[in-house]
file protein.cif (mmCIF, C-alpha atoms)
data_final
#
loop_
_atom_site.label_atom_id
_atom_site.label_comp_id
_atom_site.auth_asym_id
_atom_site.auth_seq_id
_atom_site.Cartn_x
_atom_site.Cartn_y
_atom_site.Cartn_z
CA LEU A 1 0.00 0.00 0.00
CA ALA A 2 1.28 3.43 -0.89
CA ARG A 3 1.20 5.85 2.01
CA SER A 4 2.32 9.45 2.31
CA ASP A 5 4.70 10.44 5.08
CA SER A 6 5.68 14.10 5.37
CA PRO A 7 7.34 14.62 8.77
CA LYS A 8 6.92 18.06 10.25
CA PRO A 9 10.22 19.82 11.11
CA SER A 10 10.87 20.21 14.82
CA ALA A 11 12.99 22.68 16.72
CA LYS A 12 14.00 19.86 19.03
CA ARG A 13 15.21 17.55 16.27
CA PRO A 14 13.83 16.35 12.94
CA MET A 15 11.07 13.80 13.21
CA ARG A 16 11.92 10.40 11.83
CA PRO A 17 9.82 7.42 10.81
CA LEU A 18 9.42 5.00 13.70
CA ARG A 19 11.46 1.82 13.23
CA GLY A 20 10.17 -1.68 13.91
CA ARG A 21 6.50 -0.74 13.54
CA TYR A 22 5.42 -4.30 12.80
CA THR A 23 6.48 -5.74 16.16
CA TRP A 24 3.66 -7.01 18.36
CA PRO A 25 3.11 -4.55 19.93
CA ASN A 26 5.65 -1.86 19.20
CA THR A 27 7.22 -0.98 22.56
CA GLY A 28 9.70 1.55 21.18
CA TRP A 29 7.34 4.50 21.55
CA SER A 30 8.28 7.16 24.06
CA ALA A 31 4.85 7.11 25.67
CA PRO A 32 3.54 5.32 28.76
CA VAL A 33 1.01 2.49 28.70
CA THR A 34 -2.32 3.34 30.35
CA PRO A 35 -3.90 0.56 32.45
CA LEU A 36 -7.31 -0.61 31.26
CA HIS A 37 -10.01 -2.89 32.62
CA ILE A 38 -12.48 -4.97 30.57
CA VAL A 39 -15.89 -4.63 32.23
CA ASN A 40 -18.22 -6.09 29.59
CA GLN A 41 -18.10 -8.16 26.43
CA HIS A 42 -20.90 -8.20 23.86
CA PRO A 43 -21.39 -10.49 20.85
CA HIS A 44 -20.19 -9.10 17.52
CA ASP A 45 -20.71 -10.34 13.96
CA PRO A 46 -17.55 -12.39 13.18
CA ALA A 47 -18.07 -11.76 9.46
CA ALA A 48 -17.96 -7.95 9.83
CA PHE A 49 -14.63 -6.55 8.55
CA LEU A 50 -14.90 -3.59 10.91
CA GLN A 51 -13.56 -0.29 9.56
CA GLY A 52 -15.54 2.29 11.53
CA LEU A 53 -17.43 2.14 14.83
CA LEU A 54 -19.48 4.75 16.70
CA TYR A 55 -22.06 4.97 19.45
CA ASP A 56 -25.25 7.00 19.01
CA PRO A 57 -26.74 8.19 22.35
CA GLU A 58 -30.06 9.09 20.72
CA SER A 59 -30.81 5.53 19.65
CA ASP A 60 -28.53 3.76 22.16
CA THR A 61 -27.06 1.69 19.33
CA PHE A 62 -23.80 1.28 17.46
CA TYR A 63 -23.29 2.24 13.84
CA GLU A 64 -20.60 0.32 11.98
CA SER A 65 -18.84 0.60 8.64
CA THR A 66 -17.59 -2.72 7.29
CA GLY A 67 -15.08 -3.12 4.48
CA LEU A 68 -13.86 -5.37 1.65
CA TYR A 69 -14.93 -5.09 -1.99
CA GLY A 70 -18.33 -6.68 -2.53
CA HIS A 71 -18.97 -6.94 1.23
CA SER A 72 -18.90 -3.33 2.47
CA ASP A 73 -21.95 -1.95 4.26
CA LEU A 74 -23.29 0.55 6.78
CA ARG A 75 -25.19 -1.03 9.65
CA GLU A 76 -26.97 -0.23 12.91
CA VAL A 77 -26.21 -2.74 15.66
CA ASP A 78 -28.14 -3.45 18.85
CA ILE A 79 -26.54 -3.20 22.29
CA PRO A 80 -25.93 -5.61 23.97
CA SER A 81 -27.07 -8.46 21.70
CA GLY A 82 -24.92 -7.54 18.68
CA THR A 83 -27.90 -8.09 16.39
CA VAL A 84 -27.82 -6.12 13.14
CA LYS A 85 -30.99 -4.00 13.20
CA ARG A 86 -30.54 -2.33 9.80
CA LYS A 87 -28.02 -2.59 7.02
CA LYS A 88 -27.29 -0.58 3.88
CA LEU A 89 -25.09 -2.26 1.27
CA VAL A 90 -22.32 -0.22 -0.32
CA ASP A 91 -21.62 -0.39 -4.06
CA SER A 92 -19.46 -3.44 -4.77
CA THR A 93 -16.79 -1.26 -6.40
CA LEU A 94 -16.18 0.51 -3.09
CA PHE A 95 -14.18 -0.58 -0.04
CA ALA A 96 -15.80 1.18 2.94
CA GLU A 97 -13.64 2.62 5.70
CA GLY A 98 -14.06 5.05 8.64
CA LEU A 99 -17.40 6.36 9.89
CA THR A 100 -18.62 9.36 11.89
CA LEU A 101 -21.86 11.05 12.90
CA PHE A 102 -22.25 14.73 12.07
CA ASN A 103 -24.87 17.08 13.61
CA GLU A 104 -26.69 14.02 15.05
CA THR A 105 -28.41 13.46 11.69
CA THR A 106 -25.80 12.56 9.06
CA LEU A 107 -23.55 9.52 8.88
CA ILE A 108 -20.35 10.05 6.86
CA GLN A 109 -18.52 6.98 5.56
CA LEU A 110 -15.08 7.06 3.94
CA THR A 111 -13.88 4.78 1.15
CA TRP A 112 -10.38 3.37 0.90
CA GLN A 113 -9.22 4.24 -2.64
CA ALA A 114 -12.27 5.70 -4.38
CA LYS A 115 -11.49 9.20 -3.07
CA LYS A 116 -15.04 9.94 -2.04
CA ALA A 117 -17.09 9.98 1.16
CA LEU A 118 -20.67 8.75 1.33
CA TYR A 119 -23.25 10.83 3.24
CA TYR A 120 -26.35 9.12 4.68
CA ASP A 121 -29.50 10.16 6.49
CA LYS A 122 -29.24 8.48 9.90
CA LYS A 123 -32.98 7.85 10.19
CA THR A 124 -33.34 6.07 6.85
CA LEU A 125 -29.76 5.01 5.99
CA GLU A 126 -30.44 6.43 2.53
CA LEU A 127 -27.52 7.91 0.61
CA THR A 128 -27.94 11.68 0.34
CA GLY A 129 -24.70 12.65 -1.39
CA THR A 130 -21.01 12.08 -1.98
CA VAL A 131 -18.02 14.37 -1.46
CA PRO A 132 -14.61 13.89 -3.09
CA TYR A 133 -11.27 14.10 -1.29
CA ILE A 134 -7.60 13.64 -2.10
CA GLY A 135 -5.81 10.38 -1.32
CA GLN A 136 -7.01 7.42 0.69
CA GLY A 137 -9.64 7.36 3.43
CA TRP A 138 -9.03 5.34 6.62
CA GLY A 139 -10.53 6.86 9.79
CA LEU A 140 -12.96 9.66 10.66
CA THR A 141 -14.37 11.38 13.75
CA THR A 142 -16.18 14.65 14.54
CA ALA A 143 -15.14 17.52 16.83
CA VAL A 144 -17.45 17.97 19.81
CA ASN A 145 -18.71 21.32 18.54
CA GLN A 146 -19.26 19.85 15.04
CA SER A 147 -17.00 22.45 13.41
CA LEU A 148 -14.56 20.00 11.82
CA LEU A 149 -13.77 16.35 11.15
CA TYR A 150 -10.54 14.55 11.99
CA PHE A 151 -9.53 12.34 9.05
CA THR A 152 -6.77 9.71 8.73
CA ASP A 153 -5.33 8.34 5.49
CA GLY A 154 -2.86 5.72 6.72
CA SER A 155 0.01 8.20 7.05
CA ASN A 156 1.40 9.79 10.22
CA GLN A 157 -0.97 12.74 9.90
CA ILE A 158 -4.51 13.55 10.97
CA ARG A 159 -6.25 15.98 8.63
CA ARG A 160 -8.62 18.62 10.02
CA VAL A 161 -11.30 19.16 7.41
CA HIS A 162 -14.65 20.85 6.88
CA PRO A 163 -17.58 18.46 7.49
CA LEU A 164 -19.30 19.35 4.21
CA THR A 165 -16.45 19.77 1.76
CA LEU A 166 -13.71 17.66 3.37
CA GLU A 167 -11.31 20.46 2.46
CA PRO A 168 -8.61 21.33 5.02
CA ILE A 169 -9.54 24.15 7.39
CA LEU A 170 -6.55 23.75 9.73
CA PRO A 171 -3.08 22.29 9.13
CA PRO A 172 -2.84 18.53 9.67
CA LEU A 173 -1.56 17.11 12.95
CA THR A 174 1.63 15.08 12.67
CA VAL A 175 1.35 12.31 15.24
CA HIS A 176 4.53 11.75 17.24
CA ASP A 177 5.83 10.55 20.59
CA ALA A 178 7.83 12.47 23.19
CA ASP A 179 11.07 11.84 21.28
CA ASN A 180 9.57 13.12 18.02
CA ASN A 181 9.27 9.66 16.47
CA THR A 182 6.41 9.89 13.99
CA ILE A 183 3.85 7.10 14.03
CA LYS A 184 2.39 5.93 10.73
CA ASP A 185 -0.56 3.77 9.71
CA LEU A 186 -3.12 5.73 11.75
CA ASN A 187 -6.42 3.98 11.20
CA GLU A 188 -9.85 4.16 12.88
CA ILE A 189 -10.17 7.13 15.27
CA GLU A 190 -12.56 8.48 17.89
CA LEU A 191 -12.78 11.71 19.85
CA ILE A 192 -12.87 11.04 23.62
CA THR A 193 -13.86 13.67 26.19
CA PHE A 194 -13.53 13.27 29.95
CA GLY A 195 -13.11 15.23 33.14
CA ASN A 196 -15.27 18.00 31.64
CA THR A 197 -12.17 19.65 30.17
CA THR A 198 -9.99 17.04 28.46
CA THR A 199 -10.33 15.98 24.83
CA GLU A 200 -8.19 13.37 23.10
CA ILE A 201 -8.15 11.61 19.74
CA TRP A 202 -7.91 7.85 20.22
CA ALA A 203 -6.44 6.07 17.22
CA ASN A 204 -5.91 2.50 16.13
CA VAL A 205 -2.64 1.76 14.35
CA TRP A 206 -2.82 -0.70 11.46
CA LEU A 207 -1.43 -4.13 12.48
CA GLN A 208 -0.80 -3.00 16.07
CA PRO A 209 -2.85 -4.11 19.12
CA VAL A 210 -2.85 -0.60 20.53
CA VAL A 211 -4.94 2.53 20.86
CA LEU A 212 -3.01 5.81 20.88
CA ARG A 213 -4.18 8.71 23.05
CA ILE A 214 -3.35 11.81 21.02
CA ASP A 215 -3.43 15.49 21.94
CA PRO A 216 -5.76 17.08 19.33
CA GLU A 217 -3.80 20.34 19.34
CA SER A 218 -0.20 19.13 19.02
CA GLY A 219 -0.41 15.54 17.74
CA LEU A 220 1.61 14.29 20.73
CA VAL A 221 0.91 10.71 21.81
CA LYS A 222 0.29 11.12 25.54
CA SER A 223 0.00 7.39 26.23
CA TYR A 224 -1.43 4.25 24.66
CA LEU A 225 -3.56 1.21 25.51
CA ASN A 226 -2.13 -2.27 25.00
CA LEU A 227 -4.68 -4.87 23.82
CA SER A 228 -2.15 -7.60 22.99
CA ASP A 229 -3.89 -10.46 24.75
CA ILE A 230 -7.33 -10.14 23.21
CA SER A 231 -5.91 -9.10 19.82
CA THR A 232 -3.68 -12.17 19.69
CA GLU A 233 -6.66 -14.40 20.47
CA GLN A 234 -8.80 -12.82 17.74
CA ARG A 235 -6.01 -13.15 15.15
CA LYS A 236 -5.55 -16.89 15.62
CA SER A 237 -7.92 -17.70 12.76
CA ASP A 238 -6.70 -14.91 10.43
CA VAL A 239 -3.86 -12.40 10.81
CA ASN A 240 -6.07 -9.76 9.16
CA ASN A 241 -8.43 -9.77 12.17
CA VAL A 242 -6.74 -6.81 13.83
CA LEU A 243 -7.94 -4.33 16.43
CA ASN A 244 -9.81 -1.57 14.58
CA GLY A 245 -12.72 0.14 16.27
CA VAL A 246 -13.23 2.68 19.08
CA ALA A 247 -16.62 4.00 20.21
CA PHE A 248 -17.43 6.48 22.97
CA ASP A 249 -20.60 7.32 24.90
CA PRO A 250 -20.23 11.00 25.90
CA VAL A 251 -23.25 10.85 28.22
CA ARG A 252 -22.16 7.93 30.42
CA ASN A 253 -18.43 7.93 29.64
CA ARG A 254 -18.47 4.39 28.26
CA ILE A 255 -15.78 3.22 25.84
CA TRP A 256 -15.89 0.18 23.56
CA LEU A 257 -13.30 -1.51 21.34
CA SER A 258 -13.55 -4.15 18.64
CA GLY A 259 -11.82 -5.26 15.46
CA LYS A 260 -12.01 -6.76 12.00
CA ARG A 261 -14.06 -9.97 12.10
CA TRP A 262 -13.92 -10.02 15.89
CA ASN A 263 -16.61 -12.10 17.57
CA THR A 264 -16.72 -9.74 20.54
CA LEU A 265 -17.05 -6.05 21.31
CA ILE A 266 -15.50 -5.10 24.65
CA GLU A 267 -16.39 -2.29 27.03
CA ILE A 268 -13.41 -0.91 28.90
CA ARG A 269 -12.60 1.43 31.73
CA VAL A 270 -9.33 3.31 31.60
CA ASP A 271 -7.42 4.69 34.56
CA GLY A 272 -7.79 8.45 34.75
CA VAL A 273 -10.44 8.54 32.02
CA ASN A 274 -13.56 6.67 33.15
CA TYR A 275 -12.07 4.72 36.06
CA ASP A 276 -10.52 5.80 39.35
CA PRO A 277 -8.27 3.07 40.81
CA ALA A 278 -8.63 4.71 44.24
CA ASN A 279 -12.42 4.49 44.01
CA PRO A 280 -13.19 1.49 41.76
CA ASN A 281 -16.89 1.33 42.72
CA ALA A 282 -17.60 4.92 41.69
CA SER A 283 -20.29 5.54 39.09
CA ASN A 284 -19.10 5.50 35.48
CA ASP A 285 -21.61 8.16 34.44
CA ALA A 286 -20.37 11.66 33.68
CA ALA A 287 -21.54 14.58 31.60
CA PRO A 288 -19.40 15.58 28.61
CA PRO A 289 -17.90 19.05 28.21
CA LYS A 290 -20.20 21.45 26.41
CA ASP A 291 -17.56 22.56 23.93
CA ALA A 292 -14.23 20.93 23.17
CA GLY A 293 -12.13 20.22 20.14
CA GLY A 294 -12.03 22.04 16.84
CA GLY A 295 -13.08 25.66 16.93
CA GLY A 296 -15.54 27.97 15.31
CA GLY A 297 -19.26 27.47 14.88
CA THR A 298 -21.46 24.65 13.72
CA ALA A 299 -21.38 23.84 10.03
CA ASP A 300 -24.40 24.14 7.77
CA ALA A 301 -26.67 21.29 6.71
CA PRO A 302 -25.09 18.30 4.91
CA PRO A 303 -25.02 17.98 1.10
CA VAL A 304 -27.92 16.39 -0.73
CA SER A 305 -26.53 16.00 -4.24
CA ASP A 306 -25.14 12.72 -5.54
CA ASP A 307 -22.62 12.78 -8.38
CA GLY A 308 -23.93 9.42 -9.61
CA ASP A 309 -21.12 9.03 -12.10
CA GLY A 310 -20.18 5.55 -10.95
CA SER A 311 -16.57 6.26 -11.88
CA MET A 312 -15.05 4.88 -8.69
CA ARG A 313 -11.51 3.56 -8.83
CA THR A 314 -11.40 -0.12 -7.98
CA GLY A 315 -7.68 -0.29 -7.26
CA VAL A 316 -6.45 -3.60 -5.95
CA VAL A 317 -8.44 -5.85 -3.67
CA VAL A 318 -5.75 -6.27 -1.06
CA GLY A 319 -2.41 -4.76 -0.15
CA LEU A 320 0.29 -7.34 0.43
CA ILE A 321 3.22 -6.87 2.67
CA VAL A 322 5.63 -9.25 4.29
CA LEU A 323 5.24 -9.22 8.05
CA GLY A 324 8.47 -10.36 9.64
CA THR A 325 9.05 -13.95 8.55
CA LEU A 326 5.39 -14.87 8.23
CA GLY A 327 5.11 -13.91 4.55
CA VAL A 328 1.34 -13.44 4.86
CA GLY A 329 -0.99 -11.12 2.95
CA LEU A 330 -2.56 -8.36 5.02
CA VAL A 331 -5.60 -6.26 4.21
CA ALA A 332 -5.70 -2.62 5.23
#
call {"tool": "encode", "arguments": {"input": "protein.cif", "output": "structure tokens"}}
result
Amino acid sequence: LARSDSPKPSAKRPMRPLRGRYTWPNTGWSAPVTPLHIVNQHPHDPAAFLQGLLYDPESDTFYESTGLYGHSDLREVDIPSGTVKRKKLVDSTLFAEGLTLFNETTLIQLTWQAKKALYYDKKTLELTGTVPYIGQGWGLTTAVNQSLLYFTDGSNQIRRVHPLTLEPILPPLTVHDADNNTIKDLNEIELITFGNTTTEIWANVWLQPVVLRIDPESGLVKSYLNLSDISTEQRKSDVNNVLNGVAFDPVRNRIWLSGKRWNTLIEIRVDGVNYDPANPNASNDAAPPKDAGGGGGTADAPPVSDDGDGSMRTGVVVGLIVLGTLGVGLVA
């Protein structure tokens, strides 16, 4: 897979690509590991090649984007049964990727190589329009005040784009650790708010059993979660079944994780975020901050036009790399 990597110059020292990124997990990052606790596990469709995951407080359900050519879809999933309540198939020429909810009414789904995002009405799951963008689409999440989207493309950068045009409105964040090592292959992302004042971008890293906790202003990786045990178990049947899905409930401060073709969706509590080790029996409920992340006002209504040209690029079905000595094919 071709990926862009444009390190941002630093006064401290030039950023450099992180070495050994395919170790399991990569422990060379200059960032601490945050303790986590699995508090619930829910059934999940083991055939769903999960590319985007979000929680909708209004309906108390998950929305998922699943990938692969000929198998991609947008679906609403019941909590806690894992039952698919509704599903909208994506054109077979498209490989669906990240997913976000904008203004509580519009679901936005990226595509891997077709260079367009799909906009849906949340109530009907009907396609209302498409918006083009440059490069690949991997992960997507929305600022709390709805003023911008955070967008990953498999590089070491997070774009900050307008929700309606997907054009940049702020410079991209270059994701790096405390020693200015840049971290590539940023995949599915989610905006997490806690403590009424703190906002972070949580990001999966392709092929790594980790979730990065990223400062949305500087791109610094503050710490990361290590999901090695459960990720290793889920990958026993297929090395492509990697961790790739973060969802957040801003009303009750709940956090869920899952992955590609995982048979489970786990709810976690994280020290200092939605769990206090000194008071483990405390309530998990908390109100989100009223305004965090992004900047500016709320964007206008979503687009309703569909280009309908059908001229999507099919690209290749899978990207093959050699992982260590395994020599196996891996799907982004």
call {"tool": "atom_distance", "arguments": {"input": "protein.cif", "atom1": "atom CA of A:Asp60", "atom2": "atom CA of A:Leu212"}}
result
25.6 Å
call {"tool": "residues_around", "arguments": {"input": "protein.cif", "residues": "A:Phe49", "least_positions_apart": "5", "cutoff": "6 Å", "atoms": "all atoms listed in the file", "output": "ChimeraX atom specification"}}
result
/A:66-67,260-261
call {"tool": "write_last_selection", "arguments": {"input": "protein.cif", "atoms": "C-alpha atoms", "output": "short mmCIF file (atom, residue, chain, number, x, y, z; two decimals), keeping the file's coordinate frame"}}
result
data_model
loop_
_atom_site.label_atom_id
_atom_site.label_comp_id
_atom_site.auth_asym_id
_atom_site.auth_seq_id
_atom_site.Cartn_x
_atom_site.Cartn_y
_atom_site.Cartn_z
CA THR A 66 -17.59 -2.72 7.29
CA GLY A 67 -15.08 -3.12 4.48
CA LYS A 260 -12.01 -6.76 12.00
CA ARG A 261 -14.06 -9.97 12.10
#
call {"tool": "atom_distance", "arguments": {"input": "protein.cif", "atom1": "atom CA of A:Lys87", "atom2": "atom CA of A:His162"}}
result
27.0 Å
call {"tool": "resolve_selection", "arguments": {"input": "protein.cif", "expression": "the PyMOL selection byres ((chain A and resi 177-193) around 7)", "output": "count of residues only"}}
result
41
call {"tool": "residues_near_point", "arguments": {"input": "protein.cif", "point": "(-9.2, 19.7, 3.3)", "cutoff": "12 Å", "atoms": "all atoms listed in the file", "output": "list in words"}}
result
Val131, Pro132, Tyr133, Ile134, Gly135, Leu148, Leu149, Tyr150, Phe151, Thr152, Ile158, Arg159, Arg160, Val161, His162, Pro163, Leu164, Thr165, Leu166, Glu167, Pro168, Ile169, Leu170, Pro171 and Pro172 of chain A
call {"tool": "atom_distance", "arguments": {"input": "protein.cif", "atom1": "atom CA of A:Ile214", "atom2": "atom CA of A:Asp153"}}
result
16.0 Å
call {"tool": "closest_residue", "arguments": {"input": "protein.cif", "among": "A:Phe95, A:Tyr224, A:Trp262, A:Tyr55", "to": "A:Gln208", "atoms": "all atoms listed in the file"}}
result
A:Tyr224
call {"tool": "closest_residue", "arguments": {"input": "protein.cif", "among": "A:Leu173, A:Val211, A:Leu101, A:Leu265", "to": "A:Ser81", "atoms": "all atoms listed in the file"}}
result
A:Leu265
call {"tool": "residues_around", "arguments": {"input": "protein.cif", "residues": "A:Lys123", "least_positions_apart": "2", "cutoff": "8 Å", "atoms": "all atoms listed in the file", "output": "CSV table (one decimal) with C-alpha atoms, in the coordinates of the input"}}
result
chain,number,residue,atom,x,y,z
A,105,THR,CA,-28.4,13.5,11.7
A,121,ASP,CA,-29.5,10.2,6.5
A,125,LEU,CA,-29.8,5.0,6.0
call {"tool": "resolve_selection", "arguments": {"input": "protein.cif", "expression": "the PyMOL selection byres ((chain A and resi 83) around 12)", "output": "list in words"}}
result
His42, Pro43, His44, Asp45, Pro46, Ala48, Thr61, Phe62, Tyr63, Glu64, Arg75, Glu76, Val77, Asp78, Ile79, Pro80, Ser81, Gly82, Val84, Lys85, Arg86 and Lys87 of chain A
call {"tool": "write_last_selection", "arguments": {"input": "protein.cif", "atoms": "C-alpha atoms", "output": "PDB file, in the frame of the given file"}}
result
ATOM      1  CA  HIS A  42     -20.900  -8.200  23.860  1.00  0.00           C
ATOM      2  CA  PRO A  43     -21.390 -10.490  20.850  1.00  0.00           C
ATOM      3  CA  HIS A  44     -20.190  -9.100  17.520  1.00  0.00           C
ATOM      4  CA  ASP A  45     -20.710 -10.340  13.960  1.00  0.00           C
ATOM      5  CA  PRO A  46     -17.550 -12.390  13.180  1.00  0.00           C
ATOM      6  CA  ALA A  48     -17.960  -7.950   9.830  1.00  0.00           C
ATOM      7  CA  THR A  61     -27.060   1.690  19.330  1.00  0.00           C
ATOM      8  CA  PHE A  62     -23.800   1.280  17.460  1.00  0.00           C
ATOM      9  CA  TYR A  63     -23.290   2.240  13.840  1.00  0.00           C
ATOM     10  CA  GLU A  64     -20.600   0.320  11.980  1.00  0.00           C
ATOM     11  CA  ARG A  75     -25.190  -1.030   9.650  1.00  0.00           C
ATOM     12  CA  GLU A  76     -26.970  -0.230  12.910  1.00  0.00           C
ATOM     13  CA  VAL A  77     -26.210  -2.740  15.660  1.00  0.00           C
ATOM     14  CA  ASP A  78     -28.140  -3.450  18.850  1.00  0.00           C
ATOM     15  CA  ILE A  79     -26.540  -3.200  22.290  1.00  0.00           C
ATOM     16  CA  PRO A  80     -25.930  -5.610  23.970  1.00  0.00           C
ATOM     17  CA  SER A  81     -27.070  -8.460  21.700  1.00  0.00           C
ATOM     18  CA  GLY A  82     -24.920  -7.540  18.680  1.00  0.00           C
ATOM     19  CA  VAL A  84     -27.820  -6.120  13.140  1.00  0.00           C
ATOM     20  CA  LYS A  85     -30.990  -4.000  13.200  1.00  0.00           C
ATOM     21  CA  ARG A  86     -30.540  -2.330   9.800  1.00  0.00           C
ATOM     22  CA  LYS A  87     -28.020  -2.590   7.020  1.00  0.00           C
TER      23      LYS A  87
END
call {"tool": "closest_residue", "arguments": {"input": "protein.cif", "among": "A:Gly28, A:Glu126, A:Val273, A:Leu50", "to": "A:Val242", "atoms": "all atoms listed in the file"}}
result
A:Leu50
call {"tool": "resolve_selection", "arguments": {"input": "protein.cif", "expression": "the PyMOL selection byres ((chain A and resi 231) around 9)", "output": "count of residues only"}}
result
16
call {"tool": "closest_residue", "arguments": {"input": "protein.cif", "among": "A:Thr128, A:Asn240, A:Gln41, A:Gln109", "to": "A:Ser65", "atoms": "only C-alpha atoms"}}
result
A:Gln109
call {"tool": "axis_aligned_box", "arguments": {"input": "protein.cif", "around": "stretch 107-111 of chain A", "padding_each_side": "8 Å", "output": "lines of an AutoDock Vina configuration file"}}
result
center_x = -18.7
center_y = 7.4
center_z = 5.0
size_x = 25.7
size_y = 21.3
size_z = 23.7
call {"tool": "closest_residue", "arguments": {"input": "protein.cif", "among": "A:Val144, A:Leu225, A:Leu68, A:Ile108", "to": "A:Gly129", "atoms": "only C-alpha atoms"}}
result
A:Ile108
call {"tool": "closest_residue", "arguments": {"input": "protein.cif", "among": "A:Leu127, A:Ser237, A:Ser59, A:Pro280", "to": "A:Asn263", "atoms": "all atoms listed in the file"}}
result
A:Ser237
